[in-house]
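Novice: Sharing a structure here in structure tokens format.
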Amino acid sequence: MSELVTGDAVVLGLRPARLPSRALAVAIDLMVLMAAFVVVSIGLAVASPSLDEAASAAIGVAAFLLVLVGAPIAVETLSHGRSLGKLACGLRVVRDDGGPIRFRHALVRGAMGVVEILMVFGVIACIASLVSARGRRLGDVFAGTLVVRERVPASRATAVPPPPPWLVGRFAGLDLSAVPDGVWLEIRQYLTRMRQLDPGVEQFMAQRLAGELVARTGVPVPQGVPAPAYLAGVVHERQTREARRLHALAERARERGQAQAQAQGQARVEWAGAGGVSGAPASGVVRIGEVGGAGGSGGSGGKRSGEAPTGFAPPA
């Protein structure tokens, strides 16, 4: 299984598509395009029955170029390398460096596709794809593109390898606050993929990243410690500090929640002990007849003479 590798020796998670999946995607695209070409041809024949043979032939050639050549170019340009067949098969056209294609890439692929797919029924494209190490046809070679698989089996996440036991805790006093997140990301990517790199490239990247850490922390690499082990030890120390910080934050949040719950419970107890409001029962329920009941005339529970009944009975 081959993978794309950029100029910085970074392995991309893209897998070149092989001939069977590409042939199935092209077959689906051709069936859709032929159906559209037939529909367009019938529509033009019905719309222009009075044209002579030369005009009809010219319209037919224009329809062929528009549907079978122009449509794939437009679709790949607008969808950044995805056609209906490629979507069905989980494929996509990308540049050699893994970036999305542009109009010029789609134009070269479409023009070459007329020769190696339509005119010879795909024979040239099949031979070129079988010969190429990454399954590319001539259109991909001239356009600088590659068809890759987008839907790949989910791989197990690669963890950062642990440092040697004798390095654990050795960098506890190191100040890591000046190291930016981009450097940490580069170090993590290197540690998880260093076994996939060429030995010379691996050693060069380890020395460069170790120099980045030394420049940010101001502390040189300990004598006799290899650069990969030094990087692993520093990353382990950073992960340990992050774990302690997150644990402390969780503990403070838990204590704050407990304090708030105790305060709310104490407030409820004080409310119940004070009887809610003056003159109200301990249950906190206040009836309308009780509020301002002493202000009524004749001691009739606050109900004035001639006043319409409110529907509430005064307390006994």
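We label chains A, B, ... in the order they appear in the structure tokens, count residues from 1 in each chain, and number ligands from 1 in the order shown.
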Would you please extract all helix (DSSP H, G or I) residues from range 40-288 of chain A, as assigned by DSSP on the backbone, and give them as a ChimeraX atom specification?
Specialist: /A:40-47,53-78,84-89,103-118,123-131,138-143,165-167,181-196,199-217,227-274,288
Novice: Which residues are close to range 169-185 of chain A, i.e. within 8 Å by only C-alpha atoms, leaving aside same-chain residues fewer than 2 positions away? Reply as a list in words.
Specialist: Trp166, Leu167, Ile187, Arg188, Gln189, Leu209, Glu212, Leu213, Arg216, Thr217, Val219, Gly233, Val234, Val235, Glu237 and Arg238 of chain A
Novice: Let me see the file: selected residues, all heavy atoms, as a tab-separated table (two decimals), in the first residue's frame.
Specialist:
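Writing the result to part_28.tsv gives the following:
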chain	number	residue	atom	x	y	z
A	166	TRP	N	14.28	6.00	32.31
A	166	TRP	CA	15.23	6.83	33.04
A	166	TRP	C	15.08	8.32	32.72
A	166	TRP	O	15.74	9.15	33.35
A	166	TRP	CB	16.66	6.37	32.73
A	166	TRP	CG	16.98	6.24	31.26
A	166	TRP	CD1	16.74	5.17	30.47
A	166	TRP	CD2	17.57	7.25	30.42
A	166	TRP	NE1	17.14	5.41	29.19
A	166	TRP	CE2	17.66	6.67	29.13
A	166	TRP	CE3	18.04	8.53	30.63
A	166	TRP	CZ2	18.19	7.37	28.04
A	166	TRP	CZ3	18.56	9.23	29.56
A	166	TRP	CH2	18.63	8.65	28.28
A	167	LEU	N	14.20	8.67	31.76
A	167	LEU	CA	13.95	10.07	31.45
A	167	LEU	C	12.65	10.59	32.06
A	167	LEU	O	12.38	11.79	32.00
A	167	LEU	CB	13.90	10.29	29.94
A	167	LEU	CG	15.24	10.43	29.21
A	167	LEU	CD1	15.01	10.65	27.72
A	167	LEU	CD2	16.06	11.58	29.79
A	187	ILE	N	6.16	18.11	16.79
A	187	ILE	CA	6.84	17.07	17.56
A	187	ILE	C	5.96	15.83	17.68
A	187	ILE	O	6.43	14.69	17.54
A	187	ILE	CB	7.22	17.61	18.95
A	187	ILE	CG1	8.25	18.74	18.82
A	187	ILE	CG2	7.78	16.50	19.83
A	187	ILE	CD1	8.59	19.42	20.12
A	188	ARG	N	4.67	16.04	17.92
A	188	ARG	CA	3.76	14.90	18.04
A	188	ARG	C	3.68	14.13	16.72
A	188	ARG	O	3.71	12.89	16.71
A	188	ARG	CB	2.39	15.39	18.47
A	188	ARG	CG	1.37	14.27	18.63
A	188	ARG	CD	0.03	14.79	19.09
A	188	ARG	NE	-0.93	13.71	19.17
A	188	ARG	CZ	-1.07	12.91	20.22
A	188	ARG	NH1	-0.30	13.09	21.27
A	188	ARG	NH2	-1.96	11.94	20.24
A	189	GLN	N	3.57	14.85	15.60
A	189	GLN	CA	3.52	14.18	14.31
A	189	GLN	C	4.81	13.41	14.03
A	189	GLN	O	4.78	12.31	13.48
A	189	GLN	CB	3.26	15.20	13.21
A	189	GLN	CG	1.85	15.78	13.22
A	189	GLN	CD	1.64	16.81	12.14
A	189	GLN	OE1	2.60	17.32	11.55
A	189	GLN	NE2	0.39	17.14	11.86
A	209	LEU	N	13.82	19.63	15.55
A	209	LEU	CA	12.80	19.86	16.57
A	209	LEU	C	13.42	20.00	17.96
A	209	LEU	O	12.95	20.80	18.77
A	209	LEU	CB	11.79	18.70	16.55
A	209	LEU	CG	10.94	18.61	15.28
A	209	LEU	CD1	10.08	17.35	15.29
A	209	LEU	CD2	10.05	19.83	15.13
A	212	GLU	N	14.57	23.45	18.21
A	212	GLU	CA	13.44	24.36	18.46
A	212	GLU	C	13.11	24.40	19.96
A	212	GLU	O	12.90	25.48	20.53
A	212	GLU	CB	12.22	23.90	17.67
A	212	GLU	CG	12.29	24.18	16.19
A	212	GLU	CD	11.94	25.61	15.86
A	212	GLU	OE1	11.41	26.31	16.74
A	212	GLU	OE2	12.21	26.05	14.73
A	213	LEU	N	13.08	23.24	20.61
A	213	LEU	CA	12.79	23.22	22.04
A	213	LEU	C	13.88	23.90	22.85
A	213	LEU	O	13.60	24.62	23.82
A	213	LEU	CB	12.61	21.77	22.50
A	213	LEU	CG	11.27	21.10	22.20
A	213	LEU	CD1	11.25	19.68	22.74
A	213	LEU	CD2	10.12	21.90	22.78
A	216	ARG	N	13.47	27.60	22.63
A	216	ARG	CA	12.31	28.12	23.35
A	216	ARG	C	12.47	28.03	24.87
A	216	ARG	O	11.97	28.88	25.61
A	216	ARG	CB	11.05	27.35	22.93
A	216	ARG	CG	10.74	27.42	21.45
A	216	ARG	CD	10.24	28.78	21.02
A	216	ARG	NE	9.91	28.80	19.59
A	216	ARG	CZ	9.35	29.84	18.99
A	216	ARG	NH1	9.09	30.94	19.68
A	216	ARG	NH2	9.08	29.80	17.69
A	217	THR	N	13.12	26.98	25.33
A	217	THR	CA	13.24	26.78	26.78
A	217	THR	C	14.53	27.35	27.35
A	217	THR	O	14.60	27.64	28.55
A	217	THR	CB	13.17	25.28	27.10
A	217	THR	OG1	14.24	24.58	26.42
A	217	THR	CG2	11.84	24.69	26.66
A	219	VAL	N	17.29	25.71	27.73
A	219	VAL	CA	18.03	24.64	28.42
A	219	VAL	C	18.52	23.66	27.37
A	219	VAL	O	17.71	23.16	26.58
A	219	VAL	CB	17.14	23.93	29.45
A	219	VAL	CG1	17.92	22.81	30.14
A	219	VAL	CG2	16.62	24.92	30.47
A	233	GLY	N	10.61	12.61	26.03
A	233	GLY	CA	10.60	12.96	27.44
A	233	GLY	C	9.94	14.29	27.71
A	233	GLY	O	9.16	14.44	28.67
A	234	VAL	N	10.20	15.28	26.85
A	234	VAL	CA	9.59	16.60	27.04
A	234	VAL	C	8.09	16.54	26.79
A	234	VAL	O	7.29	17.14	27.52
A	234	VAL	CB	10.27	17.63	26.13
A	234	VAL	CG1	9.58	18.98	26.24
A	234	VAL	CG2	11.74	17.77	26.50
A	235	VAL	N	7.67	15.82	25.75
A	235	VAL	CA	6.24	15.68	25.48
A	235	VAL	C	5.54	14.96	26.62
A	235	VAL	O	4.42	15.32	27.01
A	235	VAL	CB	6.03	14.95	24.14
A	235	VAL	CG1	4.56	14.58	23.95
A	235	VAL	CG2	6.48	15.81	22.98
A	237	GLU	N	6.43	15.03	29.76
A	237	GLU	CA	6.33	15.99	30.86
A	237	GLU	C	5.18	16.97	30.62
A	237	GLU	O	4.44	17.30	31.56
A	237	GLU	CB	7.65	16.75	30.99
A	237	GLU	CG	7.65	17.84	32.05
A	237	GLU	CD	7.40	17.31	33.44
A	237	GLU	OE1	7.75	16.13	33.72
A	237	GLU	OE2	6.84	18.07	34.26
A	238	ARG	N	5.02	17.43	29.39
A	238	ARG	CA	3.92	18.35	29.09
A	238	ARG	C	2.57	17.66	29.29
A	238	ARG	O	1.63	18.24	29.84
A	238	ARG	CB	4.03	18.86	27.66
A	238	ARG	CG	2.92	19.84	27.26
A	238	ARG	CD	3.17	20.39	25.87
A	238	ARG	NE	2.19	21.39	25.51
A	238	ARG	CZ	1.09	21.15	24.81
A	238	ARG	NH1	0.84	19.91	24.41
A	238	ARG	NH2	0.24	22.12	24.51
Novice: Extract, using only C-alpha atoms, all DNA, RNA and protein residues at most 6 Å from range 82-98 of chain A, discarding same-chain residues fewer than 5 positions from it, and format them as a PyMOL selection string.
Specialist: chain A and resi 25+28-29+76+144-151
Novice: Could the residues in this selection be saved with all heavy atoms as a tab-separated table (two decimals), in the first residue's frame?
Specialist:
chain	number	residue	atom	x	y	z
A	25	ALA	N	-15.95	3.68	-11.55
A	25	ALA	CA	-16.35	5.08	-11.50
A	25	ALA	C	-16.52	5.66	-12.91
A	25	ALA	O	-17.48	6.39	-13.18
A	25	ALA	CB	-15.33	5.89	-10.71
A	28	ILE	N	-19.78	4.37	-14.49
A	28	ILE	CA	-20.96	5.08	-13.98
A	28	ILE	C	-21.07	6.46	-14.62
A	28	ILE	O	-22.16	6.88	-15.05
A	28	ILE	CB	-20.90	5.18	-12.45
A	28	ILE	CG1	-20.98	3.80	-11.82
A	28	ILE	CG2	-22.02	6.07	-11.91
A	28	ILE	CD1	-20.79	3.79	-10.31
A	29	ASP	N	-19.94	7.16	-14.71
A	29	ASP	CA	-19.96	8.49	-15.33
A	29	ASP	C	-20.37	8.41	-16.80
A	29	ASP	O	-21.14	9.25	-17.29
A	29	ASP	CB	-18.59	9.15	-15.20
A	29	ASP	CG	-18.27	9.55	-13.77
A	29	ASP	OD1	-19.22	9.76	-13.00
A	29	ASP	OD2	-17.07	9.64	-13.43
A	76	GLU	N	-15.90	18.27	-12.45
A	76	GLU	CA	-14.68	18.10	-11.66
A	76	GLU	C	-14.15	19.43	-11.13
A	76	GLU	O	-13.59	19.49	-10.04
A	76	GLU	CB	-13.61	17.39	-12.49
A	76	GLU	CG	-13.87	15.90	-12.69
A	76	GLU	CD	-12.65	15.18	-13.23
A	76	GLU	OE1	-11.66	15.86	-13.56
A	76	GLU	OE2	-12.70	13.95	-13.33
A	144	GLY	N	-0.77	16.39	-13.85
A	144	GLY	CA	-0.16	16.42	-12.51
A	144	GLY	C	-1.16	16.12	-11.42
A	144	GLY	O	-1.14	16.76	-10.36
A	145	THR	N	-2.04	15.15	-11.66
A	145	THR	CA	-3.09	14.81	-10.70
A	145	THR	C	-3.00	13.34	-10.32
A	145	THR	O	-2.21	12.57	-10.89
A	145	THR	CB	-4.48	15.10	-11.28
A	145	THR	OG1	-4.66	14.37	-12.51
A	145	THR	CG2	-4.65	16.58	-11.54
A	146	LEU	N	-3.82	12.97	-9.39
A	146	LEU	CA	-3.87	11.59	-8.89
A	146	LEU	C	-5.26	11.33	-8.35
A	146	LEU	O	-5.86	12.19	-7.69
A	146	LEU	CB	-2.83	11.39	-7.79
A	146	LEU	CG	-2.78	10.02	-7.11
A	146	LEU	CD1	-2.31	8.95	-8.09
A	146	LEU	CD2	-1.88	10.06	-5.89
A	147	VAL	N	-5.81	10.15	-8.65
A	147	VAL	CA	-7.10	9.74	-8.11
A	147	VAL	C	-6.85	8.93	-6.85
A	147	VAL	O	-6.12	7.94	-6.87
A	147	VAL	CB	-7.90	8.91	-9.14
A	147	VAL	CG1	-9.24	8.50	-8.55
A	147	VAL	CG2	-8.12	9.71	-10.42
A	148	VAL	N	-7.43	9.38	-5.73
A	148	VAL	CA	-7.18	8.75	-4.44
A	148	VAL	C	-8.50	8.25	-3.87
A	148	VAL	O	-9.59	8.64	-4.30
A	148	VAL	CB	-6.52	9.73	-3.45
A	148	VAL	CG1	-5.17	10.18	-3.97
A	148	VAL	CG2	-7.41	10.93	-3.21
A	149	ARG	N	-8.39	7.40	-2.89
A	149	ARG	CA	-9.54	6.88	-2.17
A	149	ARG	C	-9.84	7.77	-0.98
A	149	ARG	O	-8.97	8.04	-0.16
A	149	ARG	CB	-9.26	5.45	-1.70
A	149	ARG	CG	-9.03	4.44	-2.82
A	149	ARG	CD	-8.49	3.13	-2.28
A	149	ARG	NE	-9.36	2.59	-1.25
A	149	ARG	CZ	-9.02	1.56	-0.47
A	149	ARG	NH1	-7.83	1.00	-0.59
A	149	ARG	NH2	-9.86	1.11	0.43
A	150	GLU	N	-11.10	8.22	-0.91
A	150	GLU	CA	-11.53	9.03	0.24
A	150	GLU	C	-12.07	8.18	1.36
A	150	GLU	O	-11.88	8.49	2.53
A	150	GLU	CB	-12.60	10.03	-0.19
A	150	GLU	CG	-12.05	11.23	-0.91
A	150	GLU	CD	-13.06	12.34	-1.02
A	150	GLU	OE1	-14.21	12.07	-1.41
A	150	GLU	OE2	-12.71	13.48	-0.71
A	151	ARG	N	-12.78	7.12	1.04
A	151	ARG	CA	-13.33	6.24	2.06
A	151	ARG	C	-12.38	5.07	2.27
A	151	ARG	O	-12.30	4.15	1.46
A	151	ARG	CB	-14.72	5.74	1.65
A	151	ARG	CG	-15.77	6.81	1.56
A	151	ARG	CD	-17.16	6.22	1.56
A	151	ARG	NE	-17.42	5.39	0.40
A	151	ARG	CZ	-18.02	5.82	-0.71
A	151	ARG	NH1	-18.40	7.08	-0.79
A	151	ARG	NH2	-18.23	5.02	-1.71
Novice: Compile the contact shell of Gln203 in chain A as a ChimeraX atom specification: residues with an atom at most 12 Å away, counting only C-alpha atoms, same-chain residues fewer than 2 positions apart removed.
Specialist: /A:190-191,194-195,197-201,205-210,226-229
Novice: For Arg104 in chain A, which residue among A:Ala243, A:Leu249, A:Ala143, A:Leu68 is the nearest when counting only C-alpha atoms?
Specialist: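 That would be A:Ala143, the residue with the smallest distance to Arg104 in chain A.
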Novice: Out of A:Arg244, A:Leu130, A:Gly81, A:Ala63, which residue has the shortest atom-to-atom distance to Val40 in chain A when counting only C-alpha atoms?
Specialist: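 The answer is A:Ala63, which sits nearest to Val40 in chain A.
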Novice: From the DSSP assignment of the backbone, select every residue of range 34-236 of chain A that is strand (DSSP E), and format the answer as a list in words.
Specialist: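 Strand (DSSP E) members of range 34-236 of chain A, listed: Leu91, Arg92, Val93, Val94, Arg95, Thr145, Leu146, Val147, Val148 and Arg149 of chain A.
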